[in-house]
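Below: the structure, in structure tokens.
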Amino acid sequence: MGVSIANHDSSAALVQTIAEAAEKGRALQMTGSGSKAFYGRQATGDPIEVSPHCGVINYEPRELVIKVRAGTPMSQLEALLASEGQMLPFEPPHFGPNATLGGTIASGLSGPRRPYAGSARDFVLGTTLINGLGQRLRFGGEVMKNVAGYDLSRLMVGAMGTLGLLLDVSMKVLPLPEIECTLVQELSEAKAILLMNQLAGMALPLSAASYDGLKLYLRLSGSEPGVTAARSQLGGDLLEEDNAFWQKIREHQHSFFNTDKPLWRLSIAPAAPPLALPGKQLIDWGGAQRWLISDQIPAATVQQAAEAQGGHAQLFRGGDRLGVVNQPLSADLMLIHQQLKQAFDPKGILNPGRLYPEF
Amino acid sequence: MSEPSLSMDKPALIRALQRVLPERLIIHEDEALRPYECDGLSAYRQVPLLVVLPENSEQVQQVMQCCHQRGVPVVARGAATGLSGGALPLADGVLMSLAKLNKILDIDPLNRTARVQPGVRNLAISQAVEAQGLYYAPDPSSQIACTIGGNVAENSGGVHCLKYGLTVHNVLELKVVTASGELVVFGAAALDAPGYDLLALMIGSEGMLGIVVEVLVKLLPTPQRAQVLLAAFDDVSKAANAVGDVIAAGVIPAGLEMMDGMAIRAAEDFVHAGYPVDAEAMLLCELDGANDEVSAQLAKVRQQLLDSGATEVRTAKNEEERALFWKGRKSAFPAVGRISPDYYCMDGTVPRKRLAEVLLETSRLSEHFQLPVANVFHAGDGNLHPLILYDANKPGELKRAEDLGAAILELCVKVGGTITGEHGVGHEKIHQMCVQFSAAELTQFHAVKHAFDPLGLLNPGKAIPQPRRCSEYKSLGSETLTPPSARGV
């Protein structure tokens, strides 16, 4: 396949480390390449390295399924898929050259294609994990449909390693689109949001929609006849080097993100009108994800603004990583979270505090 | 089925429920309870202690609070079209029908969502948003009758899953009443929510973690054009392998369904869809998208099917014929029901590449147990629906059908698949869970259940077996349940 990926099973050592830590009640913080150390709350505990546990366990392009160990570098994984004309449809951001699959799934991040193709959790079919008692458990599988038992694989996505250490993940993959192109037009923010949502309700091969404060960028992906037909229907100027543009949006390398100020992520109903908040904003996910750079705004103000539009806010980067990072949960939901944590990690040793200060 | 426990004071429970529900919403007379004794899997029956039919979420909360105080178990039920006995009542439990929570509360075309109550029928959602050019994607065969609440409980699929996903991919938010009667919200009107993905956990949890009282579904734009190809094969294995060939050609069909000879002939007799009655197998392949795109894909897939050994490939001549092709597929279960006094529908999923050998082995098992099996299923997803034909009036046939079903499911696990793709474990497949999961994994499931429902009141005894029961089943199964032909596959 022309892509070589190191192959090493260190699960036995990981199981042993966690079992010993559970016995001693010693906290562990999981690390891969450290590319997402900025994200979530700052964890405590002794590091447990997952990167050595790497390699592709099973990949058969015809099955549209790949099963990969958590320490596998994303760049190599995506190169392998591309060599077979396939991709991870949720377009995950790496945020670093050596980002691993485990960190990508544990943080549950998805890129520009997310509203149209689905999220990281949507493509997870199964996982093997180690819970906080040091037990190796397998949930889900490598088939497209599976409702045997609770969906504990998808529960791991975005749990920030607080419920278990991911050993491997099976994912659904899809063919790369035959062609892609990006159309640009200048619009007001309100009109851009309206148009993005109107178009998403029409039968068009839309695969990304972003607004930078001046221009609306619409990406089309699919078969050549489908994209060509949509392009003539939509109008607008063709963006040169559009791959580079979306890569920059995905990886936060776009000039908008070039700042030392706190970066907020507001996940809200896509058609929500422009948000009147101090600072500057960039819209992605067809309106469903609003990035806000602002250093003078209280957390409660951002959270209330997001909640008013059916969503939540998250201090994505910068600011105080020991303070409030994720939107506070209602008392009932917090109780369910704490009981779930108890169900997987009764000693509270896995990435304590990484998601919420309470557990 | 269990007898009511002696401690259960039925009159006292009725009096307590009468304080929170109008009299007409409580059913407790024996004759009136009878219609609630089973779901779509009618081989298993149990009359519930009583039935409640709440009309709003406050009443659901009050009933749950009432039952929680008294330690009374509750089984939730939608339209009872489920095929795994998931809504099988308990002799000492309340059956809660959500059929009266049947309103579409809001349609938001710009955000492409609909907010509905759990008793709304699956197809009614698509019908309500048709004028806006939108639809709700998951379409189980029972979509005329089944409700969205039941779809959430089972993570239902349908014929369009491969391209458009399951219920879990098409629901944004749930309002849920917990075992103790609290109202909580999982998910959001946004694309994600803070904290754990409780939405994903709730979907497919078979009514064991909470009772869904409101669902915010995602709507998709109706494709510009949909077209269906019908391919006939003189050999089941060729058809099974063609499924992988189409996908390997880089096409993701909107639907890719397979029927074997027996299912073809039963369906043809029933709806006269123009199916090739002398074929051994048939594929229905739906392609959708922009007009030109569909034309290009039709040509590609037609050629691929011929290359894979199809004896005939037909394109539906018009929308009417397309609907007819699908009608035959969607009525295949009742069609098979016409040729046999009873049938038992299984639901394993296997990797696509193993389809041919699993079908072959299934026919061997069919001979071994001396019961015919018809196959009609979601081939694109590798999701098998073997229909075992039997006669419940003949002594021993039901037991033989169950044993054959168990052997087929264990075969699915053996080739790397699962015992249930979309129907759920329910009451029916609880033993096969022991084959698919280790004791530690089952214990983890129980711990999750405990986190939501510490008293174990929601649909107890379904879906997740006790590890101790598994050791009993396994020691039994190795001697009597697994026939020689199912070993070493």
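Chains: A, B, ... in order of the structure tokens. Residues: from 1 per chain. Ligands: from 1, in order shown.
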Polymer residues at most 6 Å from Thr72 in chain A, only C-alpha atoms, same-chain spacing of 5 or more positions, as a PyMOL selection string: chain A and resi 54-55+100-101
Set out as CSV a contact list for chain A and chain B with a cut-off of 6 Å, giving each residue of chain A that qualifies its closest atom pair and distance in Å to one decimal, counting only C-alpha atoms, ordered by chain and rising residue number.
```
residue,atom,partner,partner_atom,distance
A:Arg62,CA,B:Ala248,CA,4.9
A:Leu137,CA,B:Glu441,CA,5.7
A:Val143,CA,B:Pro351,CA,5.7
A:Met144,CA,B:Asp381,CA,5.6
A:Lys145,CA,B:Gly421,CA,4.6
A:Asn146,CA,B:Gly421,CA,4.3
A:Val147,CA,B:Gly421,CA,5.5
A:Ala148,CA,B:Thr420,CA,5.7
A:Tyr150,CA,B:Ser205,CA,5.5
A:Asp151,CA,B:Leu201,CA,5.3
A:Leu155,CA,B:Asp197,CA,5.3
A:Ala159,CA,B:Tyr196,CA,5.5
A:Pro175,CA,B:Gly250,CA,6.0
A:Asn197,CA,B:Leu110,CA,5.8
A:Gly201,CA,B:Pro221,CA,5.0
A:Met202,CA,B:Pro221,CA,5.2
A:Ala203,CA,B:Pro223,CA,5.2
A:Pro225,CA,B:Glu293,CA,5.1
A:Gly226,CA,B:Glu293,CA,4.9
A:Ser267,CA,B:Ala190,CA,5.7
A:Ile268,CA,B:Ala190,CA,4.3
A:Ala269,CA,B:Ala190,CA,4.4
A:Ala271,CA,B:Asn111,CA,5.6
A:Gly310,CA,B:Ala189,CA,5.0
A:Gly311,CA,B:Ala190,CA,5.1
A:Gln339,CA,B:Ala451,CA,4.9
A:Leu340,CA,B:Ala451,CA,5.5
A:Ala343,CA,B:Ala447,CA,5.0
```
In range 274-412 of chain B, DSSP alpha helix (DSSP H) residues written as a VMD selection string: chain B and resid 291 to 307 319 to 330 332 to 339 355 to 369 397 to 412
Residues flagged strand (DSSP E or B) by DSSP in range 322-475 of chain B, as a VMD selection string: chain B and resid 342 to 345 349 373 to 378 383 386 to 390 418 458
Resulting file, chosen residues, N, CA, C and O atoms, as a CSV table (one decimal), in the first residue's frame:
```
chain,number,residue,atom,x,y,z
B,342,ASP,N,-46.2,-19.6,11.0
B,342,ASP,CA,-45.5,-18.7,11.9
B,342,ASP,C,-44.1,-18.5,11.3
B,342,ASP,O,-43.6,-19.3,10.5
B,343,TYR,N,-43.5,-17.3,11.6
B,343,TYR,CA,-42.1,-17.1,11.2
B,343,TYR,C,-41.4,-16.4,12.3
B,343,TYR,O,-42.0,-15.7,13.1
B,344,TYR,N,-40.1,-16.6,12.3
B,344,TYR,CA,-39.2,-16.0,13.4
B,344,TYR,C,-38.1,-15.3,12.7
B,344,TYR,O,-37.3,-15.9,11.9
B,345,CYS,N,-38.0,-14.0,12.9
B,345,CYS,CA,-37.1,-13.1,12.2
B,345,CYS,C,-35.8,-12.9,13.0
B,345,CYS,O,-35.9,-12.4,14.1
B,349,THR,N,-25.6,-9.3,12.2
B,349,THR,CA,-24.8,-8.5,11.2
B,349,THR,C,-23.4,-9.2,11.1
B,349,THR,O,-22.8,-9.5,12.1
B,373,VAL,N,-35.7,-21.6,5.8
B,373,VAL,CA,-35.2,-20.2,6.1
B,373,VAL,C,-35.3,-19.4,4.8
B,373,VAL,O,-34.7,-19.8,3.8
B,374,ALA,N,-36.0,-18.3,4.9
B,374,ALA,CA,-36.0,-17.3,3.8
B,374,ALA,C,-35.1,-16.1,4.2
B,374,ALA,O,-35.1,-15.8,5.4
B,375,ASN,N,-34.4,-15.6,3.2
B,375,ASN,CA,-33.5,-14.5,3.6
B,375,ASN,C,-33.9,-13.2,2.8
B,375,ASN,O,-34.0,-13.2,1.6
B,376,VAL,N,-34.1,-12.1,3.6
B,376,VAL,CA,-34.4,-10.8,2.9
B,376,VAL,C,-33.7,-9.8,3.9
B,376,VAL,O,-34.0,-9.8,5.0
B,377,PHE,N,-32.8,-9.1,3.3
B,377,PHE,CA,-31.9,-8.3,4.3
B,377,PHE,C,-31.2,-7.1,3.7
B,377,PHE,O,-31.1,-6.9,2.5
B,378,HIS,N,-30.6,-6.4,4.6
B,378,HIS,CA,-29.8,-5.2,4.3
B,378,HIS,C,-28.4,-5.6,3.9
B,378,HIS,O,-27.5,-5.5,4.8
B,383,ASN,N,-26.3,-6.8,7.2
B,383,ASN,CA,-27.3,-7.0,8.3
B,383,ASN,C,-28.3,-8.0,7.8
B,383,ASN,O,-29.2,-7.8,7.0
B,386,PRO,N,-32.6,-13.6,8.5
B,386,PRO,CA,-33.1,-14.9,8.2
B,386,PRO,C,-34.5,-15.0,8.8
B,386,PRO,O,-34.7,-14.7,10.0
B,387,LEU,N,-35.4,-15.5,8.0
B,387,LEU,CA,-36.8,-15.7,8.5
B,387,LEU,C,-37.0,-17.2,8.6
B,387,LEU,O,-37.0,-17.9,7.6
B,388,ILE,N,-37.1,-17.7,9.8
B,388,ILE,CA,-37.3,-19.1,10.1
B,388,ILE,C,-38.8,-19.4,10.0
B,388,ILE,O,-39.5,-18.9,10.8
B,389,LEU,N,-39.2,-20.4,9.1
B,389,LEU,CA,-40.6,-20.7,9.0
B,389,LEU,C,-40.9,-21.9,9.9
B,389,LEU,O,-40.1,-22.9,9.9
B,390,TYR,N,-41.9,-21.8,10.7
B,390,TYR,CA,-42.3,-22.9,11.6
B,390,TYR,C,-43.8,-22.8,11.9
B,390,TYR,O,-44.5,-21.9,11.5
B,418,THR,N,-22.2,-9.6,14.8
B,418,THR,CA,-23.0,-9.3,16.1
B,418,THR,C,-24.3,-10.0,16.0
B,418,THR,O,-24.9,-10.3,14.9
B,458,LEU,N,-36.3,0.0,35.4
B,458,LEU,CA,-36.6,0.2,34.0
B,458,LEU,C,-36.3,-1.0,33.1
B,458,LEU,O,-35.2,-1.4,33.0
```
For Gly207 in chain B, work out the shell of residues within 10 Å, counting only C-alpha atoms and skipping chain neighbours fewer than 6 positions away, then give it as a short mmCIF file (atom, residue, chain, number, x, y, z; two decimals) with N, CA, C and O atoms, in the first residue's frame.
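Listed below is the output, out-v6.cif:
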```
data_model
loop_
_atom_site.label_atom_id
_atom_site.label_comp_id
_atom_site.auth_asym_id
_atom_site.auth_seq_id
_atom_site.Cartn_x
_atom_site.Cartn_y
_atom_site.Cartn_z
N VAL B 74 -41.04 -0.88 35.51
CA VAL B 74 -41.81 -0.26 34.43
C VAL B 74 -41.21 -0.65 33.08
O VAL B 74 -40.00 -0.55 32.88
N VAL B 75 -42.06 -1.11 32.18
CA VAL B 75 -41.63 -1.41 30.80
C VAL B 75 -42.30 -0.38 29.90
O VAL B 75 -43.53 -0.24 29.91
N ALA B 76 -41.50 0.36 29.14
CA ALA B 76 -42.06 1.35 28.21
C ALA B 76 -42.33 0.69 26.87
O ALA B 76 -41.63 -0.25 26.47
N ARG B 77 -43.34 1.20 26.16
CA ARG B 77 -43.72 0.60 24.89
C ARG B 77 -44.21 1.67 23.93
O ARG B 77 -44.92 2.59 24.34
N GLY B 86 -38.51 -6.75 23.36
CA GLY B 86 -38.01 -5.68 24.22
C GLY B 86 -39.11 -5.05 25.05
O GLY B 86 -38.88 -4.55 26.14
N ALA B 87 -40.34 -5.06 24.50
CA ALA B 87 -41.47 -4.46 25.23
C ALA B 87 -42.35 -5.53 25.86
O ALA B 87 -43.51 -5.27 26.19
N GLY B 149 -40.11 6.94 19.32
CA GLY B 149 -39.62 6.56 20.65
C GLY B 149 -39.04 5.16 20.64
O GLY B 149 -37.97 4.90 21.19
N GLY B 150 -39.74 4.25 19.98
CA GLY B 150 -39.24 2.88 19.84
C GLY B 150 -37.99 2.83 18.98
O GLY B 150 -37.05 2.08 19.26
N VAL B 152 -35.73 5.12 18.83
CA VAL B 152 -34.63 5.56 19.70
C VAL B 152 -34.20 4.41 20.61
O VAL B 152 -33.01 4.13 20.77
N ALA B 153 -35.17 3.71 21.18
CA ALA B 153 -34.85 2.61 22.10
C ALA B 153 -34.04 1.52 21.42
O ALA B 153 -33.18 0.89 22.03
N GLU B 154 -34.32 1.29 20.13
CA GLU B 154 -33.65 0.18 19.42
C GLU B 154 -32.52 0.64 18.50
O GLU B 154 -31.88 -0.19 17.88
N GLY B 426 -33.40 -7.37 23.62
CA GLY B 426 -34.70 -7.59 24.24
C GLY B 426 -34.72 -8.80 25.16
O GLY B 426 -33.78 -9.07 25.91
N LEU B 458 -36.26 -0.01 35.36
CA LEU B 458 -36.61 0.20 33.95
C LEU B 458 -36.32 -1.04 33.12
O LEU B 458 -35.16 -1.44 32.95
N ASN B 459 -37.38 -1.65 32.61
CA ASN B 459 -37.29 -2.83 31.74
C ASN B 459 -36.31 -3.88 32.26
O ASN B 459 -35.45 -4.37 31.51
N PRO B 460 -36.42 -4.25 33.54
CA PRO B 460 -35.43 -5.17 34.11
C PRO B 460 -35.45 -6.55 33.44
O PRO B 460 -36.49 -6.99 32.97
N LYS B 462 -34.05 -7.45 30.66
CA LYS B 462 -33.87 -7.46 29.21
C LYS B 462 -32.43 -7.09 28.85
O LYS B 462 -31.70 -6.52 29.66
N ALA B 463 -32.08 -7.41 27.63
CA ALA B 463 -30.87 -6.91 26.95
C ALA B 463 -29.52 -7.35 27.53
O ALA B 463 -28.63 -7.72 26.80
#
```
10 Å contact set for Leu129 in chain A, only C-alpha atoms, chain neighbours under 2 positions out, as a ChimeraX atom specification: /A:11,15,70,126-127,131-132,134-139,152-153,156,161,163-169
Residues of the last selection are to be written out with C-alpha atoms, as a PDB file, in the first residue's frame.
```pdb
ATOM      1  CA  SER A  11      -1.625  -3.360  25.643  1.00  0.00           C
ATOM      2  CA  VAL A  15      -3.364  -3.011  31.420  1.00  0.00           C
ATOM      3  CA  ALA A  70      -4.786   4.276  19.672  1.00  0.00           C
ATOM      4  CA  GLY A 126     -16.211  -0.303  18.155  1.00  0.00           C
ATOM      5  CA  THR A 127     -13.467   0.085  20.739  1.00  0.00           C
ATOM      6  CA  ASN A 131     -11.445   0.734  32.412  1.00  0.00           C
ATOM      7  CA  GLY A 132     -10.296   2.190  35.706  1.00  0.00           C
ATOM      8  CA  GLY A 134      -7.495  -2.368  34.670  1.00  0.00           C
ATOM      9  CA  GLN A 135      -9.953  -4.603  32.816  1.00  0.00           C
ATOM     10  CA  ARG A 136      -9.620  -4.928  29.059  1.00  0.00           C
ATOM     11  CA  LEU A 137     -13.106  -4.655  27.523  1.00  0.00           C
ATOM     12  CA  ARG A 138     -14.350  -4.713  23.953  1.00  0.00           C
ATOM     13  CA  PHE A 139     -17.551  -3.015  22.819  1.00  0.00           C
ATOM     14  CA  LEU A 152     -20.214   2.206  25.154  1.00  0.00           C
ATOM     15  CA  SER A 153     -17.877   2.775  22.184  1.00  0.00           C
ATOM     16  CA  MET A 156     -15.853   7.099  24.846  1.00  0.00           C
ATOM     17  CA  GLY A 161     -10.090   9.550  28.670  1.00  0.00           C
ATOM     18  CA  LEU A 163     -13.924   6.606  31.448  1.00  0.00           C
ATOM     19  CA  GLY A 164     -11.249   4.400  29.987  1.00  0.00           C
ATOM     20  CA  LEU A 165      -8.013   4.258  28.077  1.00  0.00           C
ATOM     21  CA  LEU A 166      -8.686   3.492  24.424  1.00  0.00           C
ATOM     22  CA  LEU A 167      -6.575   0.637  23.091  1.00  0.00           C
ATOM     23  CA  ASP A 168      -8.001   0.477  19.608  1.00  0.00           C
ATOM     24  CA  VAL A 169     -10.857   1.912  17.618  1.00  0.00           C
TER      25      VAL A 169
END
```
Polymer residues at most 6 Å from range 229-236 of chain B, only C-alpha atoms, same-chain spacing of 4 or more positions, as an MDAnalysis selection string: chainID B and resid 279:285 310:315
With C-alpha atoms retained, could you export that selection as a PDB file, in the first residue's frame?
```pdb
ATOM      1  CA  ALA B 279     -33.806 -16.336  -9.724  1.00  0.00           C
ATOM      2  CA  GLU B 280     -31.930 -17.746  -6.735  1.00  0.00           C
ATOM      3  CA  ALA B 281     -31.174 -14.267  -5.426  1.00  0.00           C
ATOM      4  CA  MET B 282     -31.908 -10.651  -6.203  1.00  0.00           C
ATOM      5  CA  LEU B 283     -30.346  -7.325  -5.296  1.00  0.00           C
ATOM      6  CA  LEU B 284     -32.147  -4.005  -5.142  1.00  0.00           C
ATOM      7  CA  CYS B 285     -29.682  -1.139  -5.402  1.00  0.00           C
ATOM      8  CA  ALA B 310     -25.965 -10.940 -12.614  1.00  0.00           C
ATOM      9  CA  THR B 311     -28.163 -12.745 -15.149  1.00  0.00           C
ATOM     10  CA  GLU B 312     -30.340  -9.694 -15.590  1.00  0.00           C
ATOM     11  CA  VAL B 313     -30.181  -6.023 -14.498  1.00  0.00           C
ATOM     12  CA  ARG B 314     -33.270  -3.843 -14.728  1.00  0.00           C
ATOM     13  CA  THR B 315     -33.788  -0.154 -13.970  1.00  0.00           C
TER      14      THR B 315
END
```
Leu275 in chain A environment, 9 Å, only C-alpha atoms, sequence neighbours closer than 2 positions dropped, as a VMD selection string: chain A and resid 272 to 273 277 281 290 305 to 306
